[in-house]
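Only one structure is covered here, and it is reproduced in the block below.
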Amino acid sequence: MIAIGSDHGGYELKEHVKKHLEEKGIEVKDFGVFSEESVDYPDCARPVCEAVLNGEAERGILFCGTGIGISMAANKFNGIRAALCGDVFSAKMAKEHNNANVICLGGRVTGRELAFMIVDTFFDAEFQGGRHQTRIDKIHAIEKEA
Ligand code: RB5
């Protein structure tokens, strides 16, 4: 299952990406929001990140207006590696090199068709391990310093 969520700024793109994934036969759990009423993006990041961390979801997709705020919030959760992606190459690298478990998009930045390509690329890519795992281990070592 893929967990998705957004604030009001990412709501519209979330709806399009949800439909795109469902049409491909991918199971999606939508943690909201369900309207364009103003909300605070850290509150929207939480349920998606928790679903990824507790194993309910394989990966998460988060949206806000730019993708910036919600990626900042997601990366505060211990064990989340959230990548803000506005292009296909970054989406591929986010999985191959960074083993991102959450991808973030900007609903006011990235067009619908590009968003579909970014998400598809992220799902098709595979983590390469090796030296990249060493680097990820160092990221999570920083979390333990706090
Ligand atoms: C909401 O207006 C906007 O600030 C939010 O969606 C996001 O872009 C923050 O990074």
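In the structure tokens, the first chain shown is A, the next is B, and so on; residue numbers restart at 1 for each chain, and ligands run from 1 in the order shown.
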Shell of 10 Å around ligand 1 (only C-alpha atoms and all ligand atoms), written as number ranges by chain = A: 6-11, 38-42, 63-73, 105-109
key: All residues 12 Å or closer to Asp120 of chain A, only C-alpha atoms, same chain fewer than 6 positions away omitted, as a list in words   =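 Residues near the query, excluding close chain neighbours: Val17, Lys18, His20, Leu21, Lys24, Ile26, Ile61, Asp87, Val88, Phe89, Ala91, Lys92, Lys95, Ile103, Glu113 and Leu114 of chain A.
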ask   = So which one's closest to Gln133 of chain A, A:Thr121, A:Ser90, A:Asn99, A:Thr110? Using only C-alpha atoms, please.
value = A:Asn99
inquiry  = For Phe77 of chain A, find every residue with an atom within 9 Å (counting only C-alpha atoms), except residues of its own chain fewer than 3 positions away, and show them as an MDAnalysis selection string.
reply    = chainID A and resid 46 49:50 53 73:74 80:81
Output file for the selection above: C-alpha atoms, as a compact mmCIF listing (two decimals), in the first residue's frame:
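Generated file (selection_5.txt):
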```
# COMPACT_ATOMS: atom_id res chain seq x y z
CA ARG A 46 2.48 12.99 10.27
CA CYS A 49 5.16 9.20 7.84
CA GLU A 50 3.73 7.10 10.67
CA LEU A 53 7.44 3.87 9.75
CA ALA A 73 8.37 18.19 8.27
CA ALA A 74 8.62 14.60 6.99
CA ILE A 80 11.94 8.93 7.15
CA ARG A 81 13.98 9.84 4.10
```
For Val28 of chain A: contacts at 6 Å, only C-alpha atoms, fewer than 2 positions along chain excluded, given as number ranges by chain = A: 1-3
key: Length of the atom CA of Asn101 of chain A to atom CA of Ile142 of chain A vector [Å]   =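 Separating atom CA of Asn101 of chain A from atom CA of Ile142 of chain A is a distance of 17.7 Å.
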